[in-house]
Amino acid sequence: MGKLRDLPGGVLASECEAYLQGNLAEFWEQRGTAVPVWTWMNLLAHGSESQIHDSLHRPSKQRRTGRSWRIARSYLAYQVLDLAGEDVTLEEIQSTVLLPLELEMAAHPEVDRWTPRRWVETVDEVIRNQHSTLGF
């Protein structure tokens, strides 16, 4: 059978799969599609612990334009993995903090004007503010 994207509706199906697997930013970047800021949350909100961990160490082969976003995401990935495990699981952080934040960012077009620094500061602040609420 051919690739999923070769079927009618296949590109949409491939995008959905990438979204749920946490690699939508990379998927769109490889296709040469604009990558919205909220998309860099995707790995953190949906990725497995090993995927997030791999993002810390894997050298990037993607376009140079996304390099600063991957560096920013690596910083946040380290923060998320550091918090996960003691009193709260990665899945709890994802479902209560990261996924809602991803959706909130996607709903606000002004987020696309953010720099990687602004994104990191915002996400880091949200994670830290949830620290006491979630008990981690």
# chains A, B, ... in the order shown; residues from 1 in each chain; ligands from 1
call {"tool": "select_by_dssp", "arguments": {"residues": "region 24-99 of chain A", "states": "helix (DSSP H, G or I)", "output": "PyMOL selection string"}}
result
chain A and resi 24-31+37-46+49-57+64-83+90-99
call {"tool": "closest_residue", "arguments": {"among": "A:Pro100, A:Gly9, A:Gly66, A:Gly32", "to": "Leu44 (chain A)", "atoms": "only C-alpha atoms"}}
result
A:Pro100
call {"tool": "closest_residue", "arguments": {"among": "A:Leu20, A:Val37, A:Leu12, A:Leu43", "to": "Trp119 (chain A)", "atoms": "only C-alpha atoms"}}
result
A:Val37
call {"tool": "residues_around", "arguments": {"residues": "region 45-54 of chain A", "least_positions_apart": "2", "cutoff": "8 Å", "atoms": "only C-alpha atoms", "output": "NGL selection string"}}
result
:A and (19-23 or 41-43 or 56-58 or 77-78 or 81 or 90 or 94-95 or 98-99 or 102)
call {"tool": "write_last_selection", "arguments": {"atoms": "C-alpha atoms", "output": "JSON list (two decimals), in the first residue's frame"}}
result
[["chain", "number", "residue", "atom", "x", "y", "z"],
["A", 19, "TYR", "CA", 0.04, 16.09, 15.83],
["A", 20, "LEU", "CA", -0.88, 13.14, 18.03],
["A", 21, "GLN", "CA", 2.68, 11.79, 17.98],
["A", 22, "GLY", "CA", 4.14, 15.14, 18.99],
["A", 23, "ASN", "CA", 6.12, 15.87, 15.83],
["A", 41, "MET", "CA", 4.52, 22.96, 22.10],
["A", 42, "ASN", "CA", 3.34, 19.83, 20.30],
["A", 43, "LEU", "CA", 6.22, 17.54, 21.29],
["A", 56, "LEU", "CA", 17.55, 17.16, 23.97],
["A", 57, "HIS", "CA", 20.36, 15.22, 22.33],
["A", 58, "ARG", "CA", 19.49, 14.66, 18.69],
["A", 77, "ALA", "CA", 11.95, 19.79, 27.40],
["A", 78, "TYR", "CA", 14.66, 19.66, 30.04],
["A", 81, "LEU", "CA", 11.49, 16.13, 32.24],
["A", 90, "LEU", "CA", 4.75, 13.41, 32.58],
["A", 94, "GLN", "CA", 0.91, 17.15, 29.73],
["A", 95, "SER", "CA", -2.82, 16.82, 30.36],
["A", 98, "LEU", "CA", 1.01, 21.56, 28.40],
["A", 99, "LEU", "CA", -1.93, 20.42, 26.29],
["A", 102, "GLU", "CA", -0.83, 24.37, 23.40]]
call {"tool": "closest_residue", "arguments": {"among": "A:Arg113, A:Glu125, A:Ser55, A:Glu26", "to": "Arg73 (chain A)", "atoms": "only C-alpha atoms"}}
result
A:Ser55
call {"tool": "atom_distance", "arguments": {"atom1": "CA of Leu103 (chain A)", "atom2": "CA of Arg67 (chain A)"}}
result
22.9 Å
